[in-house]
Each structure stands twice: as structure tokens, then as C-alpha cells.
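Some notes on the structure that comes next.
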Amino acid sequence: VTRGYQGAVAGRPVHGWFSKGPGMELYVGAQSGMRIGIGRSTTISQGLGAMMSKTPRPVGEGVQVWTEHEEWVDQWLEAPGVRERITALCTDLPGARQMVIVAPDSVKLHVRYFMMQERTGKSDITTERLELWLSHLVFLAEALERRPAGAQEASSLEHDLRTDRRKL
């Protein structure tokens with residue numbers, strides 16, 4: 001069961017998906033032309049990175065980035081505020097798994113296993129936390145677009161995952 005939401009923040013298209021598990025994905029439109037994965041360093045992420053011949057690079061405390069575009073990403077990470085926002089997006093919800101994924105046409109926060117109590121409706125994802133996450137994602141989208149765009153294009157699957165999962 002998945003519920004989708006769409007709108008705009010700071011003039012950028014936003015798509016949000018919430019599903020059982022629980023899981024949530026927040027997408028903010030950003031034309032980077034790149035594919036970059038960022039998250040906490042774990043045994044699984046290290047193993048998967050090695051299988052795909054990707055060497056992780058440090059971003060912040062326990063957070064790493066996996067990419068084929070090391071120089072481009074290093075320069076993006078050095079922009080004021082980028083590292084801090086990425087680290088916050090990947091670490092601020094205790095017990096949850098949080099990742100930032102840059103696709104050619106968006107930047108996404110992927111969150112799994114947060115506190116959700118059906119009977120009370122209580123969750124550790126508050127309106128204030130969502131607003132903060134969206135402001136971080138918008139900041140990252142703007143920082144991505146200040147860099148020269150890469151040559152990668154979003155696939156139809158990536159587009160449908162972001163905008164209309166009924167097509168899947």
C-alpha cells in the first residue's frame with residue numbers, strides 16, 4: 001500500500017511517497033544529469049559498493065558517497081552548506097535508515113523503519129521535520145544545479161517511480 005503526494009516547494013516540483021514498512025521517499029526536482037548515492041556506511045553498503053566497483057568517499061560522520069564522478073562530487077560537497085545538509089538528512093532520525101539519492105532529474109530522501117504507531121497516529125516524522133527535510137533537499141537541488149550538468153538522463157522507470165507509480 002502506497003500513498004503519493006505532489007506539490008511544489010520554492011518553485012520546485014515535489015513528490016512524496018509513503019508506504020507500509022514503513023517507508024517514505026521525498027523527491028525534489030533537480031536537473032543534475034548525475035547519479036549519486038549517499039548514506040551511512042554499513043557492512044551492506046560497503047559490500048554492495050565493492051560489488052559495483054564503487055569506492056566510498058567520506059561526507060561526514062559515518063556518512064559516505066558512492067559515485068563514478070568523484071571530482072564533480074568532491075566540488076559539489078565543498079560548496080558551503082552541502083555536507084552539513086547531507087549529513088543531517090542521513091542521520092537525524094535515530095533508528096531509521098536514511099539515504100540521499102541524486103538522480104539525473106531529482107534529489108531524493110529515502111527513509112525506512114521510522115516510528116509509526118497505527119492506533120495512536122504518532123510518528124517521529126513531524127510536520128516540522130518534513131519541512132526541514134524539504135528545505136535541505138531544495139538547498140541541495142539548487143547546489144546541484146550550480147554545477148555543470150552531467151550527461152546522464154532519467155530513465156522512464158526513474159521518472160515513473162518519482163511521479164506516478166500507478167504506471168508501474
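Order determines the names: the first chain of the C-alpha cells is A, the second B, and so forth; residues in each chain are numbered 1 upward, and ligands are numbered 1 upward as they are shown.
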Which parts of segment 50-135 of chain A does DSSP call strand (DSSP E or B) when run on the backbone here, written out as a CSV table (one decimal) with all heavy atoms, in the first residue's frame?
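So the final result, stored in selection25.csv, reads:
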chain,number,residue,atom,x,y,z
A,57,ARG,N,33.4,7.4,-0.5
A,57,ARG,CA,34.2,8.6,-0.2
A,57,ARG,C,33.5,9.2,1.0
A,57,ARG,O,32.3,9.3,1.1
A,57,ARG,CB,34.2,9.6,-1.3
A,57,ARG,CG,34.8,8.9,-2.6
A,57,ARG,CD,34.7,9.8,-3.8
A,57,ARG,NE,35.4,11.0,-3.8
A,57,ARG,CZ,36.7,11.0,-4.1
A,57,ARG,NH1,37.4,9.9,-4.3
A,57,ARG,NH2,37.4,12.2,-4.1
A,58,PRO,N,34.2,9.7,2.0
A,58,PRO,CA,33.6,10.3,3.2
A,58,PRO,C,32.9,11.6,2.9
A,58,PRO,O,33.3,12.4,2.1
A,58,PRO,CB,34.8,10.5,4.2
A,58,PRO,CG,36.0,10.6,3.3
A,58,PRO,CD,35.7,9.7,2.1
A,59,VAL,N,31.7,11.8,3.6
A,59,VAL,CA,31.0,13.0,3.5
A,59,VAL,C,31.0,13.7,4.9
A,59,VAL,O,31.3,14.9,5.0
A,59,VAL,CB,29.5,12.8,3.1
A,59,VAL,CG1,28.7,14.1,3.1
A,59,VAL,CG2,29.5,12.2,1.7
A,60,GLY,N,30.6,12.9,5.9
A,60,GLY,CA,30.6,13.4,7.3
A,60,GLY,C,30.7,12.3,8.2
A,60,GLY,O,31.0,11.1,7.8
A,63,VAL,N,29.0,8.9,7.3
A,63,VAL,CA,28.2,9.1,6.0
A,63,VAL,C,29.2,9.1,4.8
A,63,VAL,O,30.2,9.7,4.9
A,63,VAL,CB,27.4,10.4,6.0
A,63,VAL,CG1,26.6,10.5,4.7
A,63,VAL,CG2,26.4,10.4,7.2
A,64,GLN,N,28.8,8.3,3.8
A,64,GLN,CA,29.7,8.2,2.6
A,64,GLN,C,28.9,8.4,1.4
A,64,GLN,O,27.7,8.2,1.3
A,64,GLN,CB,30.4,6.8,2.6
A,64,GLN,CG,31.3,6.6,3.8
A,64,GLN,CD,32.1,5.4,3.7
A,64,GLN,OE1,31.5,4.3,3.4
A,64,GLN,NE2,33.4,5.4,4.1
A,65,VAL,N,29.6,8.7,0.3
A,65,VAL,CA,29.0,8.8,-1.0
A,65,VAL,C,29.6,7.8,-2.0
A,65,VAL,O,30.8,7.5,-1.9
A,65,VAL,CB,29.3,10.3,-1.5
A,65,VAL,CG1,30.7,10.6,-1.7
A,65,VAL,CG2,28.6,10.5,-2.9
A,66,TRP,N,28.8,7.3,-2.8
A,66,TRP,CA,29.2,6.4,-3.9
A,66,TRP,C,28.9,7.0,-5.2
A,66,TRP,O,27.8,7.4,-5.5
A,66,TRP,CB,28.5,5.0,-3.8
A,66,TRP,CG,28.9,4.2,-2.6
A,66,TRP,CD1,29.8,3.2,-2.6
A,66,TRP,CD2,28.5,4.3,-1.2
A,66,TRP,NE1,30.0,2.7,-1.3
A,66,TRP,CE2,29.1,3.4,-0.5
A,66,TRP,CE3,27.5,5.2,-0.6
A,66,TRP,CZ2,28.9,3.2,0.9
A,66,TRP,CZ3,27.4,5.0,0.8
A,66,TRP,CH2,28.1,4.0,1.5
A,97,ARG,N,16.8,4.2,8.7
A,97,ARG,CA,17.8,4.2,7.6
A,97,ARG,C,17.5,5.3,6.6
A,97,ARG,O,16.4,5.3,6.1
A,97,ARG,CB,17.8,2.8,6.9
A,97,ARG,CG,18.4,1.7,7.7
A,97,ARG,CD,18.7,0.5,6.8
A,97,ARG,NE,18.2,-0.6,7.5
A,97,ARG,CZ,17.6,-1.7,7.0
A,97,ARG,NH1,17.4,-1.7,5.7
A,97,ARG,NH2,17.2,-2.7,7.7
A,98,GLN,N,18.4,6.2,6.5
A,98,GLN,CA,18.2,7.4,5.6
A,98,GLN,C,19.3,7.5,4.6
A,98,GLN,O,20.4,7.3,4.9
A,98,GLN,CB,18.2,8.7,6.5
A,98,GLN,CG,17.0,8.7,7.5
A,98,GLN,CD,17.2,9.8,8.5
A,98,GLN,OE1,17.6,9.5,9.6
A,98,GLN,NE2,17.0,11.0,8.1
A,99,MET,N,18.9,7.7,3.3
A,99,MET,CA,19.8,7.9,2.2
A,99,MET,C,19.4,9.1,1.4
A,99,MET,O,18.2,9.4,1.3
A,99,MET,CB,19.8,6.7,1.3
A,99,MET,CG,20.2,5.4,2.0
A,99,MET,SD,20.1,4.0,0.9
A,99,MET,CE,18.3,3.7,1.0
A,100,VAL,N,20.4,9.7,0.8
A,100,VAL,CA,20.1,10.8,-0.2
A,100,VAL,C,20.5,10.2,-1.5
A,100,VAL,O,21.7,9.7,-1.7
A,100,VAL,CB,20.9,12.1,0.1
A,100,VAL,CG1,20.7,13.1,-1.0
A,100,VAL,CG2,20.4,12.7,1.4
A,101,ILE,N,19.6,10.2,-2.5
A,101,ILE,CA,19.9,9.7,-3.8
A,101,ILE,C,19.8,10.8,-4.8
A,101,ILE,O,18.7,11.5,-4.9
A,101,ILE,CB,18.9,8.6,-4.2
A,101,ILE,CG1,18.9,7.5,-3.1
A,101,ILE,CG2,19.3,8.0,-5.6
A,101,ILE,CD1,20.1,6.7,-2.9
A,102,VAL,N,20.8,11.1,-5.6
A,102,VAL,CA,20.7,12.1,-6.7
A,102,VAL,C,20.5,11.3,-8.0
A,102,VAL,O,21.3,10.4,-8.3
A,102,VAL,CB,22.0,12.9,-6.8
A,102,VAL,CG1,22.0,13.8,-8.0
A,102,VAL,CG2,22.2,13.7,-5.5
A,103,ALA,N,19.4,11.6,-8.7
A,103,ALA,CA,19.1,11.0,-10.0
A,103,ALA,C,19.3,12.2,-11.0
A,103,ALA,O,19.4,13.4,-10.6
A,103,ALA,CB,17.7,10.5,-10.0
A,106,SER,N,16.3,14.6,-10.2
A,106,SER,CA,15.8,14.9,-8.8
A,106,SER,C,16.9,14.6,-7.8
A,106,SER,O,17.9,14.0,-8.1
A,106,SER,CB,14.6,14.0,-8.6
A,106,SER,OG,15.0,12.6,-8.6
A,107,VAL,N,16.6,15.0,-6.6
A,107,VAL,CA,17.3,14.6,-5.4
A,107,VAL,C,16.3,14.1,-4.4
A,107,VAL,O,15.2,14.6,-4.3
A,107,VAL,CB,18.1,15.8,-4.8
A,107,VAL,CG1,17.3,17.0,-4.4
A,107,VAL,CG2,19.0,15.3,-3.6
A,108,LYS,N,16.6,12.9,-3.8
A,108,LYS,CA,15.6,12.2,-3.0
A,108,LYS,C,16.1,11.9,-1.7
A,108,LYS,O,17.3,11.5,-1.5
A,108,LYS,CB,15.2,10.9,-3.8
A,108,LYS,CG,14.4,9.9,-3.0
A,108,LYS,CD,14.0,8.7,-3.8
A,108,LYS,CE,15.1,7.7,-3.8
A,108,LYS,NZ,14.7,6.4,-4.3
A,109,LEU,N,15.2,11.9,-0.7
A,109,LEU,CA,15.5,11.4,0.6
A,109,LEU,C,14.7,10.1,0.8
A,109,LEU,O,13.5,10.1,0.6
A,109,LEU,CB,15.1,12.4,1.7
A,109,LEU,CG,15.2,11.8,3.2
A,109,LEU,CD1,16.6,11.5,3.5
A,109,LEU,CD2,14.6,12.8,4.2
A,110,HIS,N,15.4,9.0,1.1
A,110,HIS,CA,14.8,7.7,1.2
A,110,HIS,C,14.9,7.3,2.7
A,110,HIS,O,16.0,7.3,3.2
A,110,HIS,CB,15.5,6.8,0.3
A,110,HIS,CG,15.0,5.4,0.3
A,110,HIS,ND1,14.1,4.9,-0.6
A,110,HIS,CD2,15.3,4.3,1.1
A,110,HIS,CE1,13.9,3.7,-0.4
A,110,HIS,NE2,14.6,3.3,0.6
A,111,VAL,N,13.7,7.1,3.4
A,111,VAL,CA,13.7,6.8,4.8
A,111,VAL,C,13.0,5.5,5.0
A,111,VAL,O,11.9,5.3,4.5
A,111,VAL,CB,13.0,7.9,5.6
A,111,VAL,CG1,13.1,7.6,7.1
A,111,VAL,CG2,13.6,9.3,5.3
A,112,ARG,N,13.6,4.6,5.8
A,112,ARG,CA,13.0,3.3,6.2
A,112,ARG,C,13.0,3.1,7.7
A,112,ARG,O,14.0,3.5,8.3
A,112,ARG,CB,13.7,2.2,5.5
A,112,ARG,CG,13.5,2.1,4.0
A,112,ARG,CD,12.1,1.4,3.7
A,112,ARG,NE,11.9,1.3,2.3
A,112,ARG,CZ,11.2,2.0,1.6
A,112,ARG,NH1,10.5,3.1,2.1
A,112,ARG,NH2,11.0,1.8,0.3
A,116,MET,N,6.2,4.5,13.8
A,116,MET,CA,4.8,4.8,13.3
A,116,MET,C,3.9,3.9,14.1
A,116,MET,O,4.0,2.7,14.1
A,116,MET,CB,4.7,4.5,11.8
A,116,MET,CG,3.4,4.8,11.2
A,116,MET,SD,3.3,6.6,11.1
A,116,MET,CE,1.6,6.8,10.6
A,123,SER,N,4.0,9.5,15.2
A,123,SER,CA,5.2,9.2,14.4
A,123,SER,C,6.3,10.1,14.8
A,123,SER,O,6.1,11.2,15.3
A,123,SER,CB,4.8,9.4,12.9
A,123,SER,OG,6.0,9.2,12.1
Q) Residues at most 6 Å from segment 149-166 of chain A, counting only C-alpha atoms, excluding those fewer than 6 positions away in the same chain, as a PyMOL selection string? A) chain A and resi 32-34+104
Quick one: write out the picked residues with N, CA and C atoms as a CSV table (one decimal), in the first residue's frame?
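Written file, part21.csv:
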chain,number,residue,atom,x,y,z
A,32,SER,N,20.5,17.5,-12.5
A,32,SER,CA,21.9,17.4,-12.3
A,32,SER,C,22.6,16.6,-13.4
A,33,GLY,N,21.9,15.7,-14.1
A,33,GLY,CA,22.5,14.8,-15.0
A,33,GLY,C,23.4,13.8,-14.4
A,34,MET,N,23.3,13.5,-13.1
A,34,MET,CA,24.2,12.6,-12.4
A,34,MET,C,23.4,11.6,-11.6
A,104,PRO,N,19.3,11.9,-12.3
A,104,PRO,CA,19.5,13.0,-13.2
A,104,PRO,C,18.5,14.1,-13.2
Q: Please run DSSP on the backbone and report, as an MDAnalysis selection string, all residues within segment 1-166 of chain A that come out as alpha helix (DSSP H).
A: chainID A and resid 43:51 70:77 82:91 127:145 156:163
Q.
Give me the residues near Ser19 of chain A as a ChimeraX atom specification, where near means some atom within 6 Å (using only C-alpha atoms) and where sequence neighbours in that chain fewer than 4 positions away do not count.
A. /A:1-2,23
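Non-sequential neighbours of His69 of chain A (distance at most 9 Å, separation of 2 or more positions within a chain, only C-alpha atoms) are Met34, Arg35, Ile36, Trp66, Thr67, Glu71, Trp72, Val73 and Asp74 of chain A.
Considering the residues A:Ala79, A:Cys90, A:Ala96, A:Leu140 and counting only C-alpha atoms, Arg12 of chain A has its shortest atom-to-atom contact with A:Leu140.
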**Q.** Selected residue, from A:Leu144, A:Asp124, A:Leu26, A:Gln6, that lies nearest to Gly95 of chain A when counting only C-alpha atoms
**A.** A:Asp124
(Q) Restricting the calculation to only C-alpha atoms: of A:Glu68, A:Leu77, A:Thr126, A:Pro56, which residue gets closest to Leu93 of chain A? (A) A:Thr126
Q.
So that I can check the surroundings of Arg85 of chain A, please list as number ranges by chain every protein, DNA and RNA residue that reaches within 8 Å of it, counting only C-alpha atoms and ignoring chain neighbours fewer than 3 positions away.
A. A: 81-82, 88-89, 136, 140
Q | Interatomic distance, atom CA of Tyr27 of chain A to atom CA of Pro13 of chain A (Å, one decimal) | A | 8.1 Å
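The gap separating atom CA of Trp133 of chain A from atom CA of Pro22 of chain A is 17.4 Å, in Å to one decimal.
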